[in-house]
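Shown next: upload-v2.txt, given as compact mmCIF, C-alpha atoms.
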# COMPACT_ATOMS: atom_id res chain seq x y z
CA GLN A 1 0.00 0.00 0.00
CA LYS A 2 1.30 3.42 -0.95
CA GLU A 3 1.75 6.00 1.81
CA VAL A 4 -0.30 8.52 -0.18
CA GLU A 5 -3.17 7.59 -2.48
CA GLN A 6 -4.59 9.93 -5.09
CA ASP A 7 -7.10 9.18 -7.79
CA PRO A 8 -5.26 9.78 -11.09
CA GLY A 9 -8.41 10.75 -12.97
CA PRO A 10 -8.57 12.15 -15.56
CA LEU A 11 -11.21 14.55 -14.30
CA SER A 12 -13.07 16.65 -16.87
CA VAL A 13 -15.36 19.51 -15.83
CA PRO A 14 -17.04 22.47 -17.56
CA GLU A 15 -15.74 25.97 -17.01
CA GLY A 16 -17.15 27.49 -13.82
CA ALA A 17 -17.58 24.17 -12.02
CA ILE A 18 -16.39 23.50 -8.49
CA VAL A 19 -13.62 20.92 -8.50
CA SER A 20 -12.79 18.65 -5.59
CA LEU A 21 -9.44 16.85 -5.50
CA ASN A 22 -8.57 14.41 -2.73
CA CYS A 23 -5.78 12.38 -1.20
CA THR A 24 -5.71 9.81 1.56
CA TYR A 25 -2.65 8.80 3.51
CA SER A 26 -1.58 6.15 5.96
CA ASN A 27 1.25 7.75 7.97
CA SER A 28 -0.17 9.55 11.01
CA ALA A 29 3.17 11.38 11.46
CA PHE A 30 2.49 13.63 8.47
CA GLN A 31 2.11 17.21 9.68
CA TYR A 32 2.66 19.38 6.61
CA PHE A 33 0.41 19.11 3.60
CA MET A 34 0.88 20.71 0.22
CA TRP A 35 -0.83 20.92 -3.12
CA TYR A 36 1.28 21.44 -6.21
CA ARG A 37 0.07 22.19 -9.73
CA GLN A 38 2.07 20.82 -12.64
CA TYR A 39 1.49 21.91 -16.20
CA SER A 40 2.56 19.60 -18.99
CA ARG A 41 6.34 19.40 -19.32
CA LYS A 42 6.90 21.79 -16.39
CA GLY A 43 8.02 21.43 -12.78
CA PRO A 44 5.50 21.39 -9.90
CA GLU A 45 4.37 24.81 -8.64
CA LEU A 46 3.26 25.21 -5.01
CA LEU A 47 -0.42 26.16 -4.70
CA MET A 48 -1.31 25.62 -1.06
CA TYR A 49 0.61 24.77 2.12
CA THR A 50 -1.16 23.71 5.31
CA TYR A 51 0.10 22.73 8.73
CA SER A 52 -1.87 20.09 10.66
CA SER A 53 -5.68 20.02 10.48
CA GLY A 54 -7.97 22.79 9.30
CA ASN A 55 -8.84 24.86 6.27
CA LYS A 56 -6.88 27.41 4.29
CA GLU A 57 -8.25 29.63 1.57
CA ASP A 58 -6.40 31.53 -1.16
CA GLY A 59 -8.54 33.12 -3.82
CA ARG A 60 -10.43 30.41 -5.69
CA PHE A 61 -8.52 27.64 -3.89
CA THR A 62 -9.37 26.05 -0.52
CA ALA A 63 -7.30 23.34 1.12
CA GLN A 64 -8.75 21.13 3.85
CA VAL A 65 -6.93 18.70 6.11
CA ASP A 66 -8.69 16.14 8.28
CA LYS A 67 -5.98 14.33 10.21
CA SER A 68 -8.48 12.14 12.08
CA SER A 69 -9.55 10.64 8.75
CA LYS A 70 -6.12 10.96 7.13
CA TYR A 71 -7.75 12.81 4.26
CA ILE A 72 -6.90 16.06 2.49
CA SER A 73 -8.78 17.98 -0.17
CA LEU A 74 -8.30 20.84 -2.57
CA PHE A 75 -11.34 22.73 -3.83
CA ILE A 76 -11.22 24.97 -6.87
CA ARG A 77 -14.14 27.37 -7.28
CA ASP A 78 -15.17 28.90 -10.61
CA SER A 79 -12.72 26.66 -12.47
CA GLN A 80 -11.06 28.09 -15.56
CA PRO A 81 -9.50 26.43 -18.63
CA SER A 82 -6.14 27.70 -17.31
CA ASP A 83 -6.63 25.41 -14.30
CA SER A 84 -6.17 22.42 -16.61
CA ALA A 85 -3.11 20.66 -15.21
CA THR A 86 -2.04 17.79 -12.99
CA TYR A 87 -2.56 18.39 -9.27
CA LEU A 88 -0.20 16.66 -6.86
CA CYS A 89 -0.71 16.35 -3.13
CA ALA A 90 2.45 16.11 -1.03
CA MET A 91 3.17 15.57 2.65
CA SER A 92 6.08 15.63 5.06
CA ALA A 93 6.67 14.43 8.59
CA PRO A 94 8.81 16.71 10.78
CA PRO A 95 10.78 16.95 12.89
CA SER A 96 12.68 14.83 10.44
CA ASN A 97 15.97 16.33 9.46
CA THR A 98 15.24 15.87 5.79
CA GLY A 99 12.76 17.68 3.65
CA LYS A 100 11.51 14.50 2.06
CA LEU A 101 8.15 15.05 0.46
CA ILE A 102 5.86 12.11 -0.21
CA PHE A 103 3.71 12.72 -3.27
CA GLY A 104 0.48 11.26 -4.51
CA GLN A 105 0.24 10.01 -8.07
CA GLY A 106 -1.37 13.25 -9.26
CA THR A 107 -4.85 13.96 -10.64
CA THR A 108 -5.13 15.24 -14.19
CA LEU A 109 -7.79 17.95 -14.49
CA GLN A 110 -9.27 19.28 -17.70
CA VAL A 111 -11.56 22.31 -17.59
CA LYS A 112 -13.54 22.66 -20.80
CA PRO A 113 -14.60 26.12 -22.06
CA GLU B 1 9.08 31.24 -12.00
CA THR B 2 10.75 29.84 -8.89
CA GLY B 3 14.32 30.88 -9.64
CA VAL B 4 15.43 27.24 -9.68
CA THR B 5 17.07 26.31 -12.97
CA GLN B 6 18.07 22.92 -14.35
CA SER B 7 20.19 21.80 -17.26
CA PRO B 8 19.95 20.27 -19.72
CA THR B 9 16.21 20.35 -20.45
CA HIS B 10 16.28 17.10 -22.40
CA LEU B 11 18.77 14.29 -22.70
CA ILE B 12 18.95 11.00 -24.58
CA LYS B 13 21.35 8.29 -23.41
CA THR B 14 21.83 4.59 -24.04
CA ARG B 15 21.72 1.82 -21.49
CA GLY B 16 24.94 1.53 -19.50
CA GLN B 17 26.03 5.12 -19.99
CA GLN B 18 26.48 7.71 -17.26
CA VAL B 19 24.70 11.05 -16.97
CA THR B 20 25.13 14.26 -14.96
CA LEU B 21 22.22 16.62 -14.36
CA ARG B 22 22.65 20.10 -12.91
CA CYS B 23 20.56 22.34 -10.70
CA SER B 24 20.97 25.95 -9.62
CA SER B 25 19.11 26.76 -6.41
CA GLN B 26 16.99 29.78 -5.70
CA SER B 27 18.99 32.63 -4.19
CA GLY B 28 19.32 32.28 -0.40
CA HIS B 29 18.50 28.55 -0.38
CA ASN B 30 21.07 26.17 1.10
CA THR B 31 19.17 22.90 0.67
CA VAL B 32 18.47 20.99 -2.51
CA SER B 33 16.41 17.84 -2.99
CA TRP B 34 16.26 15.65 -6.07
CA TYR B 35 13.19 13.75 -7.23
CA GLN B 36 12.48 11.28 -10.03
CA GLN B 37 9.09 11.51 -11.73
CA ALA B 38 8.14 8.64 -14.00
CA LEU B 39 5.44 9.23 -16.59
CA GLY B 40 2.02 9.38 -14.95
CA GLN B 41 3.43 9.19 -11.43
CA GLY B 42 4.17 11.61 -8.63
CA PRO B 43 7.77 12.61 -7.89
CA GLN B 44 9.82 10.20 -5.77
CA PHE B 45 12.49 11.46 -3.40
CA ILE B 46 16.04 10.48 -4.40
CA PHE B 47 18.14 12.41 -1.86
CA GLN B 48 18.71 15.78 -0.27
CA TYR B 49 21.84 17.88 0.20
CA TYR B 50 22.23 20.44 2.98
CA ARG B 51 25.37 22.58 3.15
CA GLU B 52 27.25 20.21 0.83
CA GLU B 53 26.44 17.03 2.81
CA GLU B 54 23.94 14.32 1.92
CA ASN B 55 21.05 14.70 4.36
CA GLY B 56 18.69 11.85 3.64
CA ARG B 57 18.17 9.37 0.86
CA GLY B 58 15.18 7.63 -0.64
CA ASN B 59 14.94 4.10 -1.96
CA PHE B 60 17.39 4.50 -4.84
CA PRO B 61 20.52 2.40 -5.51
CA PRO B 62 24.07 3.75 -5.00
CA ARG B 63 24.50 4.35 -8.74
CA PHE B 64 22.45 7.49 -8.04
CA SER B 65 24.83 9.97 -6.43
CA GLY B 66 25.02 13.68 -5.96
CA LEU B 67 27.07 16.71 -5.08
CA GLN B 68 26.33 20.13 -3.70
CA PHE B 69 28.79 22.95 -4.25
CA PRO B 70 29.70 25.90 -2.00
CA ASN B 71 27.37 28.14 -3.99
CA TYR B 72 24.62 25.56 -3.26
CA SER B 73 24.22 24.47 -6.86
CA SER B 74 23.97 20.72 -7.22
CA GLU B 75 24.55 17.75 -9.50
CA LEU B 76 22.80 14.41 -9.81
CA ASN B 77 24.90 11.62 -11.30
CA VAL B 78 23.48 8.33 -12.50
CA ASN B 79 25.83 5.51 -13.49
CA ALA B 80 25.09 2.39 -15.50
CA LEU B 81 21.84 3.77 -16.86
CA GLU B 82 18.89 1.41 -17.13
CA LEU B 83 15.78 1.74 -19.29
CA ASP B 84 13.68 2.37 -16.15
CA ASP B 85 15.74 5.46 -15.40
CA SER B 86 13.82 7.24 -18.15
CA ALA B 87 11.93 9.97 -16.28
CA LEU B 88 11.68 13.66 -15.46
CA TYR B 89 14.32 14.57 -12.88
CA LEU B 90 13.36 17.47 -10.65
CA CYS B 91 15.38 19.43 -8.19
CA ALA B 92 13.83 21.54 -5.47
CA SER B 93 15.51 24.10 -3.24
CA SER B 94 14.53 25.34 0.21
CA THR B 95 15.89 27.54 2.96
CA SER B 96 16.80 24.69 5.31
CA ALA B 97 16.46 20.96 5.84
CA ARG B 98 14.18 20.82 8.88
CA GLY B 99 11.27 19.41 6.91
CA GLN B 100 8.65 22.14 7.02
CA GLU B 101 10.09 24.63 4.57
CA THR B 102 8.50 25.15 1.20
CA GLN B 103 10.35 23.41 -1.60
CA TYR B 104 10.54 25.27 -4.89
CA PHE B 105 10.91 23.10 -7.96
CA GLY B 106 12.82 23.66 -11.14
CA PRO B 107 11.43 22.79 -14.58
CA GLY B 108 13.14 19.40 -14.64
CA THR B 109 15.40 17.47 -16.98
CA ARG B 110 13.69 14.88 -19.12
CA LEU B 111 15.95 11.84 -19.53
CA LEU B 112 15.30 9.13 -22.09
CA VAL B 113 17.36 5.95 -21.89
CA LEU B 114 17.37 3.79 -25.02
Rewrite the coordinates I just gave you, this time as structure tokens.
Amino acid sequence: QKEVEQDPGPLSVPEGAIVSLNCTYSNSAFQYFMWYRQYSRKGPELLMYTYSSGNKEDGRFTAQVDKSSKYISLFIRDSQPSDSATYLCAMSAPPSNTGKLIFGQGTTLQVKP
Amino acid sequence: ETGVTQSPTHLIKTRGQQVTLRCSSQSGHNTVSWYQQALGQGPQFIFQYYREEENGRGNFPPRFSGLQFPNYSSELNVNALELDDSALYLCASSTSARGQETQYFGPGTRLLVL
């Protein structure tokens, strides 16, 4: 069993839809949770960074962490064609002395005009 | 743009050859991590360098090795290339190695092993 599970999709939605992306994990030591966006043939770009449980909002993006269920989510409101990309969840477990990030497989999102 | 640069952008090698990939960290960052991303998969941690010392390693064989230089730029070396080494190689820099700092990724080097 992988430490982090993420549905690879692909997920196709119409422009303006609310998108929900999810990851589950097995390691209860994870404390830091990130969402990266990766466009085709590019490196991952950090979207959201959350410590422990709770919600964090940034513009059209909301990240949720539920440590009791070992479940994290990213919501995208009013989705745009420019949101079409692969979304990667990532986690780390301090106070390790390495910055090792554990990634999910990535979910490919297509937003149709 | 993150300020992390990688070279070359693309590379084609044959099985058994050796390859060196390079990464220039974002200004002010003293930690660099390398990841391998196979097609359709998430990145997998190879190793991390902090102030020129290896500071953690993932589940990769010893033929994957690295260096970090005094200016905090870094190299990833892979010996005896295998077909399965074909992947996007990403480096990420951060301000320290304590585990909670944001990692900023470069655009990657796409390696094809024939």
From CA of Pro43 (chain B) to CA of Arg63 (chain B) the spacing works out at 18.7 Å
Within 8 Å of Asp66 (chain A), counting all atoms listed in the file, which residues show up once you throw out same-chain ones fewer than 4 positions away? Write them as a VMD selection string, please.
chain A and resid 53 to 54 70 to 72
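Comparing B:Leu88, B:Val19, B:His29, B:Asn79 by their smallest distance to Gln41 (chain B), the closest is B:Leu88 (using all atoms listed in the file).
As for CA of Ile46 (chain B) and CA of Tyr89 (chain B), they are spaced 9.6 Å apart.
Taking all atoms listed in the file into account, Gly43 (chain A) lies nearest to B:Val4 out of the set B:Leu39, B:Leu67, B:Val4, B:Val78.
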Set the cut-off to 9 Å and count all atoms listed in the file: what are the residues of chain B that reach chain A? Output as number ranges by chain.
B: 1-2, 31, 33, 40-50, 55-58, 88, 90-91, 94, 96-108, 110
List every protein, DNA or RNA residue that has an atom no more than 10 Å from (-8.6, 26.3, -12.8) in the file's coordinate frame, counting only C-alpha atoms, and report them as a PDB file with C-alpha atoms, in the coordinates of the input.
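So the final result, stored in part.pdb, reads:
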ATOM      1  CA  GLU A  15     -15.740  25.970 -17.010  1.00  0.00           C
ATOM      2  CA  GLY A  16     -17.150  27.490 -13.820  1.00  0.00           C
ATOM      3  CA  ALA A  17     -17.580  24.170 -12.020  1.00  0.00           C
ATOM      4  CA  ILE A  18     -16.390  23.500  -8.490  1.00  0.00           C
ATOM      5  CA  VAL A  19     -13.620  20.920  -8.500  1.00  0.00           C
ATOM      6  CA  ARG A  60     -10.430  30.410  -5.690  1.00  0.00           C
ATOM      7  CA  PHE A  61      -8.520  27.640  -3.890  1.00  0.00           C
ATOM      8  CA  ILE A  76     -11.220  24.970  -6.870  1.00  0.00           C
ATOM      9  CA  ARG A  77     -14.140  27.370  -7.280  1.00  0.00           C
ATOM     10  CA  ASP A  78     -15.170  28.900 -10.610  1.00  0.00           C
ATOM     11  CA  SER A  79     -12.720  26.660 -12.470  1.00  0.00           C
ATOM     12  CA  GLN A  80     -11.060  28.090 -15.560  1.00  0.00           C
ATOM     13  CA  PRO A  81      -9.500  26.430 -18.630  1.00  0.00           C
ATOM     14  CA  SER A  82      -6.140  27.700 -17.310  1.00  0.00           C
ATOM     15  CA  ASP A  83      -6.630  25.410 -14.300  1.00  0.00           C
ATOM     16  CA  SER A  84      -6.170  22.420 -16.610  1.00  0.00           C
ATOM     17  CA  ALA A  85      -3.110  20.660 -15.210  1.00  0.00           C
ATOM     18  CA  LEU A 109      -7.790  17.950 -14.490  1.00  0.00           C
ATOM     19  CA  GLN A 110      -9.270  19.280 -17.700  1.00  0.00           C
ATOM     20  CA  VAL A 111     -11.560  22.310 -17.590  1.00  0.00           C
TER      21      VAL A 111
END
Selected residue, from B:Ser65, B:Leu114, B:Arg22, B:Gly28, that lies nearest to Asn77 (chain B) when counting all atoms listed in the file:
B:Ser65
May I have the residues at most 10 Å from (21.0, 11.2, -25.3) in the file's coordinates, counting all atoms listed in the file, as a PyMOL selection string?
chain B and resi 10-14+17+19+111-114
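The space separating CA of Pro113 (chain A) from CA of Pro14 (chain A) comes to 6.3 Å.
Using only C-alpha atoms for every distance, the candidate list B:Ser74, B:Gln36, B:Gln26, B:Thr5 yields B:Ser74 as the residue closest to Glu53 (chain B).
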For Ser73 (chain B), list every protein, DNA or RNA residue within 7 Å, evaluated using all atoms listed in the file, and leave out those in the same chain fewer than 2 positions away; present the list as a PyMOL selection string.
chain B and resi 23-25+68-69+71
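The smallest atom-to-atom distance between Tyr72 (chain B) and any of B:Asn30, B:Ser86, B:Asn59, B:Gln37, using only C-alpha atoms, is found for B:Asn30.
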Could you pull the residues within 7 Å of Leu81 (chain B), counting all atoms listed in the file, minus those fewer than 4 positions along the same chain, as a VMD selection string?
chain B and resid 15 to 18 85
Hey, can you spit out that residue selection with C-alpha atoms as a PDB file, keeping the file's coordinate frame?
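Below you can see again.pdb, which holds the result:
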ATOM      1  CA  ARG B  15      21.720   1.820 -21.490  1.00  0.00           C
ATOM      2  CA  GLY B  16      24.940   1.530 -19.500  1.00  0.00           C
ATOM      3  CA  GLN B  17      26.030   5.120 -19.990  1.00  0.00           C
ATOM      4  CA  GLN B  18      26.480   7.710 -17.260  1.00  0.00           C
ATOM      5  CA  ASP B  85      15.740   5.460 -15.400  1.00  0.00           C
TER       6      ASP B  85
END
